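Notes follow the structure.
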Amino acid sequence: MSLDTVKHAAGTPDAGQPWAELGLKEDEYARIREILGRRPTGAELAMYSVMWSEHCSYKSSKVHLKQFGEKAPENDALLVGIGENAGVVDVGQGYAVTFKVESHNHPSYIEPYQGAATGVGGIVRDILAMGARPVAVMDPLRFGAADHPDTKRVLPGVVAGIGGYGNCLGLPNIGGEVVFDPCYQGNPLVNALCVGVMKHEDIHLAKASGAGNKVILYGARTGGDGIGGVSVLASETFDDSKPTKRPAVQVGDPFQEKLLIECTLEIFREKLVAGIQDLGGAGLSCATSELASAGSGGMRVELDTVPLRDSSLSPEEILMSESQERMCAIVEPDKVDRFLEICEKWDVIATVIGEVTDGSRLEIFWHGEQIVDVPPRSVAHEGPTYHRPYARPDWQDALQADDAGKLPRPANAAELRAQVLQLVGSPNQASKAWITDQYDRFVQGNTVLAQPEDSGMVRIDEDTNLGVAVATDGNGRYAKLDPYAGAQLALAEAYRNVAATGARPLAISDCLNFGSPEDPAVMWQFAEATRGLADGCQTLGTPVTGGNVSLYNQTGDVAIHPTPVVAVLGVIDDVTRRTPVGFAEEGQLLYLLGDTREELGGSAWSQVVHDHLGGLPPQVDLERERLLAEILISASRDGMVDAAHDLSDGGLVQALVESCLHGGKGARVVVPDDLDPFVFLFSESAGRAVVAVPRSEELRFTDMCGARGLPVTRIGVVDGDELAVQGQFDIPLDELRTAHEATVPGLIA
Amino acid sequence: MTARVGVVTFPGTLDDRDTQRAVRAAGAEAVPLWHRDKDLHQVDAVVLPGGFSYGDYLRAGAISRFSPVMETVIEQARAGMPVLGICNGFQVLTETHLLPGAMLRNNHLHFICRDQKLRVENATTAWTTDYAPGQEISIPLKNIDGRYVADERTLDMLEAEGRVAFRYVTDGPSGDGYGNPNGSLRDIAGITNEAGNVVGLMPHPEHAVEPLIGTGRTDGLGFFTSILKKLVNA
């Protein structure tokens with residue numbers, strides 16, 4: 001095939017082009033022709049197709065996402081906001097923390113190990129590109145039914161991929177979630193989060209400025225893997241009638257990534273880069289166009305200098321390849337030699353592939369002939385914007401009317417006891433240790449808390465004990481019942497989890513996992529969820545720093561539950577004051593904080609006992625969440641509580657069982673006079689936590705709650721080796737442990 | 001005076017900074033050593049830390065064993081310098097034949113990360129004198145290729161010469177870190193050479209030196225205080 005140069009394209013306006021195969025719509029192709037004033041070359045078409053994909057351009061979601069900026073709360077802590085590789089937050093003492101959660105859903109279904117592995121790799125490079133040392137990862141995961149045969153294919157592969165890649169990078173995996181639901185059967189969600197730490201002055205941005213500065217591509221060689229990953233894979237619905245898209249999945253090499261991390265950090269230390277961008281989705285197309293677009297505008301690249309794994313790759317393939325473990329840096333000419341020297345030290349291949357120009361075009365050459373001549377903004381930042389139609393689905397009313405409160409409840413104490421064991425042994429409520437024990441949580445030697453604690457916490461300064469905490473949450477069942485409230489409940493839960501460990505919530509990142517935007521019902525869910533999240537963040541004062549939207553999570557016409565996953569980052573001045581979940585001291589008093597109402601819609605109980613989803617999710621009261629958080633943080637700082645556990649899915653009884661098992665101590669609990677035992681144990685009212693208070697602190701603690709107006713109820717004491725609910729049942733810890741810990745290995749191992 | 005303890009960084013080493021911190025926590029001076037540099041910079045002892053050197057490609061430890069720094073480490077170890085290999089470092093030591101045997105994939109085929117109970121079987125090596133013989137300690141274990149194997153004759157020899165330095169403690173509940181976590185023969189977690197200066201083990205003492213961090217135990221600190229005492233008193 002002859003080379004499709006700019007000159008050739010100008011002279012052959014009618015040549016047929018595979019825009020549909022590349023995932024572009026007819027009007028999008030027409031717009032590219034309009035921008036360029038001619039038909040695009042093959043290489044230009046490749047670039048536009050990946051950069052204008054849903055995954056890269058947010059074309060269906062951006063009209064809704066802009067609320068995150070418009071409603072952003074006043075917050076002095078935000079140093080870098082949405083739009084960069086990741087947001088950056090000031091955590092004090094001169095430190096800045098960057099974090100982001102991102103999806104790698106479709107690749108992980110097709111090829112679980114590599115899909116999940118490269119999901120970790122991609123988010124780690126995003127964090128690295130900000131100038132930070134990555135210090136921890138977390139993985140919110142959703143799979144199909146736990147007993148479905150395909151879950152046995154997908155889950156072990158995903159877990160091994162996360163472990164195989166993350167463990168090899170030396171990043172502690174400190175939290176995350178594992179949720180099973182039949183709605184994720186053909187569409188598992190593999191979200192990955194990374195946290196990085198730097199000093200304020202080390203923040204780096206993705207921009208190419210300064211004519212004459214060199215463009216250096218470094219890291220792995222470019223291969224034929226992941227071509228079209230963002231367009232043909234991530235931005236389309238799965239369809240059984242088409243061939244599998246395995247070649248569109250990238251293949252990871254964690255060893256190369258580890259070298260890339262250390263090499264890049266050494267380059268940062270010597271202040272050798274003027275701008276930097278990782279290569280992830282859309283590969284070189286993305287890196288060159290985004291760097292140029294955010295900088296002065298002009299860049300010239302000699303594409304034939306790119307080191308290749310496969311010498312037969314065409315220029316189009318090189319531009320679209322999503323080969324992993326690559327970075328692109330903008331370097332002043334007098335610093336290039338030192339840059340290359342450091343790369344050589346770490347055995348990292350580095351090549352000058354071009355330079356920043358004083359023009360306004362991104363120009364790419366192949367053996368001396370020009371194959372790309374485009375305004376970079378038109379590729380990177382001026383993609384299409386869709387105002388997709390959205391409408392509240394006609395089934396929403398019936399779903400909400402199907403009240404979970406009408407479901408049959410346990411008729412006596414024996415049934416109540418049996419349902420407690422059934423709940424804590426159900427796949428979603430059971431211990432996930434079989435999974436998380438495959439991740440290294442100790443490496444780097446700064447892990448203060450890791451799963452199954454309420455949030456993961458790492459120390460970031462060994463001298464001052466400054467630390468950060470992160471929790472991720474998202475309940476697709478709640479969001480299905482009411483996407484606005486569901487998004488706020490995800491935010492509230494992660495916020496509460498961070499506060500329960502003693503850290504002050506500062507900011508959030510989100511991964512919005514939804515079905516096809518071409519379905520008005522899904523688009524309504526998306527619109528409601530983003531509005532809910534933006535409003536919630538405004539009330540709680542926690543800005544959205546960035547994140548990711550994953551659409552087309554559906555098989556055929558059936559979409560997943562709307563699943564907004566929210567990650568909250570918090571700061572703790574002294575990690576020695578952190579609060580764990582486990583009840584460790586006999587005789588300590590148990591207090592329930594917050595109000596318990598009869599709220600069973602979307603609850604774990606309704607799912608486990610009745611396989612039911614209907615009614616309304618728990619009420620949201622964000623002012624209450626804020627008050628609860630303040631109490632939990634003060635109590636931690638002043639040593640008034642020794643253990644705390646947030647209440648969420650599974651309600652109080654789930655929290656009590658986890659705290660008992662984790663601390664190795666039982667509890668004797670009394671049902672408050674005004675509550676039904678079943679509601680007391682299983683309701684999922686939000687804005688609640690259970691805490692263990694040393695007797696010496698009781699008065700101080702209850703006085704503080706009273707003074708600030710937080711309802712607080714003494715419900716029992718840490719004692720013995722069973723969970724005893726007075727007048728109802730006693731369950732030995734051994735029996736609880738067996739029920740809680742045997743489930744996941746029994747299903748998956 | 002204090003002792004200088006070198007910590008080697010190979011490409012893909014992960015626990016080098018943690019190990020340096022543990023060395024400092026014991027009161028010794030931590031000296032970073034680079035894999036390409038044959039010069040050991042006058043250190044008195046060397047730790048080969050954990051990680052995935054060279055990505056564990058070919059076989060764990062197989063490539064690192066040929067790095068320039070190892071030429072000197074092997075020479076000095078034979079001359080009596082204390083050397084500790086942790087996890088990947090232990091794998092490197094078996095590849096160099098400073099220690100016998102080899103590590104295979106865990107019998108359950110998964111990576112495993114947990115707090116692990118060990119019994120100190122030999123408290124006379126350069127790295128274990130601060131422990132009592134038979135003492136049970138709990139330190140993190142994290143690996144996928146951790147199953148220690150050797151032929152029967154070698155195992156008998158190790159037992160007879162008291163060179164099994166650590167064994168997994170099997171008589172207790174697995175949730176509390178008891179049990180053989182990977183199918184290692186004779187529950188062996190770590191061994192020493194004849195002279196007692198070279199020790200290798202799979203679990204990670206450097207992750208158990210601060211009460212706040214990780215498992216909250218400090219059972220691993222004894223490795224680093226043992227070597228400091230030995231070197232300072234030498």
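Ligands are numbered from 1 in the order shown, chains are lettered A, B, ... in the order of the structure tokens, and residues start at 1 in each chain.
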
For this session: Could you give me, as a ChimeraX atom specification, the residues within 9 Å of Ile203 in chain A, counting only C-alpha atoms and dropping anything in the same chain fewer than 4 positions from it?
Result: /A:80,88,96,129-132,198-199

Problem set entry | Residues of chain A within 8 Å of chain B, only C-alpha atoms counted, as number ranges by chain | A: 160, 163, 168-170, 254-255, 258-259, 346, 437-449, 576

For this session: Enumerate, as number ranges by chain, the complete set of residues in range 467-605 of chain A that a backbone-based DSSP assignment places in alpha helix (DSSP H).
Result: A: 476-481, 483-500, 520-540, 604-605

Problem set entry | Residues within 9 Å of range 118-121 of chain A, only C-alpha atoms, excluding chain neighbours under 3 positions, as number ranges by chain | A: 102-105, 107-108, 113-115, 124-126, 137-139, 161-162, 165-166, 169, 190-194, 249-254, 257, 280, 324-325

Using C-alpha atoms, can you write the selected residues to a file as a PDB file, in the first residue's frame?
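Generated output (out_26.pdb):
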ATOM      1  CA  GLU A 102     -10.259   4.913  36.169  1.00  0.00           C
ATOM      2  CA  SER A 103     -11.983   2.028  34.395  1.00  0.00           C
ATOM      3  CA  HIS A 104     -10.616  -0.876  32.408  1.00  0.00           C
ATOM      4  CA  ASN A 105     -13.883  -2.739  32.081  1.00  0.00           C
ATOM      5  CA  PRO A 107     -10.577  -5.304  28.178  1.00  0.00           C
ATOM      6  CA  SER A 108     -10.950  -7.162  31.479  1.00  0.00           C
ATOM      7  CA  TYR A 113      -5.507 -10.949  33.314  1.00  0.00           C
ATOM      8  CA  GLN A 114      -4.087  -8.437  30.844  1.00  0.00           C
ATOM      9  CA  GLY A 115      -7.133  -6.196  31.009  1.00  0.00           C
ATOM     10  CA  VAL A 124      -0.108   4.452  37.806  1.00  0.00           C
ATOM     11  CA  ARG A 125       1.386   6.285  34.802  1.00  0.00           C
ATOM     12  CA  ASP A 126      -1.276   8.991  35.087  1.00  0.00           C
ATOM     13  CA  VAL A 137      -3.372   1.399  44.644  1.00  0.00           C
ATOM     14  CA  MET A 138      -6.938   0.168  45.161  1.00  0.00           C
ATOM     15  CA  ASP A 139      -9.355  -1.729  42.965  1.00  0.00           C
ATOM     16  CA  GLY A 161      -3.711  -9.524  36.808  1.00  0.00           C
ATOM     17  CA  ILE A 162      -4.042  -6.830  39.469  1.00  0.00           C
ATOM     18  CA  TYR A 165       1.139  -6.194  37.855  1.00  0.00           C
ATOM     19  CA  GLY A 166       0.705  -4.200  41.079  1.00  0.00           C
ATOM     20  CA  LEU A 169       5.554  -2.478  40.824  1.00  0.00           C
ATOM     21  CA  VAL A 190     -12.596  -3.295  36.775  1.00  0.00           C
ATOM     22  CA  ASN A 191     -11.809   0.138  38.158  1.00  0.00           C
ATOM     23  CA  ALA A 192      -8.334   1.012  39.353  1.00  0.00           C
ATOM     24  CA  LEU A 193      -7.178   3.802  41.626  1.00  0.00           C
ATOM     25  CA  CYS A 194      -3.714   5.129  42.341  1.00  0.00           C
ATOM     26  CA  VAL A 249      -6.467  -5.493  24.499  1.00  0.00           C
ATOM     27  CA  GLN A 250      -3.032  -4.258  25.555  1.00  0.00           C
ATOM     28  CA  VAL A 251      -0.368  -6.508  27.038  1.00  0.00           C
ATOM     29  CA  GLY A 252       1.478  -5.332  30.135  1.00  0.00           C
ATOM     30  CA  ASP A 253       5.066  -5.675  31.362  1.00  0.00           C
ATOM     31  CA  PRO A 254       5.201  -4.569  35.003  1.00  0.00           C
ATOM     32  CA  GLU A 257       6.787  -0.045  34.295  1.00  0.00           C
ATOM     33  CA  GLY A 280      -2.378   5.262  27.637  1.00  0.00           C
ATOM     34  CA  GLN A 324       1.950  -0.002  27.609  1.00  0.00           C
ATOM     35  CA  GLU A 325       4.794   1.416  29.703  1.00  0.00           C
TER      36      GLU A 325
END

For this session: Name all residues at most 7 Å from Gly134 in chain B (count only C-alpha atoms; drop same-chain ones fewer than 3 positions away) and give them as an MDAnalysis selection string.
Result: chainID B and resid 119:121

For this session: May I have the residues within 10 Å of Thr579 in chain A as a PyMOL selection string, using only C-alpha atoms and disregarding those fewer than 6 positions away in the same chain?
Result: chain A and resi 449+453-455+499-503+632-633+635-637+639+641-645+691

Exercise. Which is closest to Glu75 in chain B among B:Glu136, B:Gln91, B:Leu48, B:Thr96, if we use only C-alpha atoms?
Worked result: B:Thr96

Problem set entry | Residue among A:Ala46, A:Leu279, A:Leu272, A:Asp310 lying closest to Arg338 in chain A, counting only C-alpha atoms |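 Residue with the minimum atom-to-atom distance to Arg338 in chain A: A:Leu272.
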
Return as a PDB file with C-alpha atoms, in the first residue's frame the full set of residues in range 421-462 of chain A whose backbone-based DSSP assignment is strand (DSSP E or B).
ATOM      1  CA  THR A 447       0.843   1.084  55.211  1.00  0.00           C
ATOM      2  CA  VAL A 448      -1.053   2.112  58.333  1.00  0.00           C
ATOM      3  CA  LEU A 449      -4.435   0.617  57.376  1.00  0.00           C
ATOM      4  CA  GLY A 456      -6.745   2.465  53.297  1.00  0.00           C
ATOM      5  CA  MET A 457      -4.201   4.725  54.972  1.00  0.00           C
ATOM      6  CA  VAL A 458      -0.542   5.381  54.216  1.00  0.00           C
ATOM      7  CA  ARG A 459       1.997   7.504  56.030  1.00  0.00           C
TER       8      ARG A 459
END
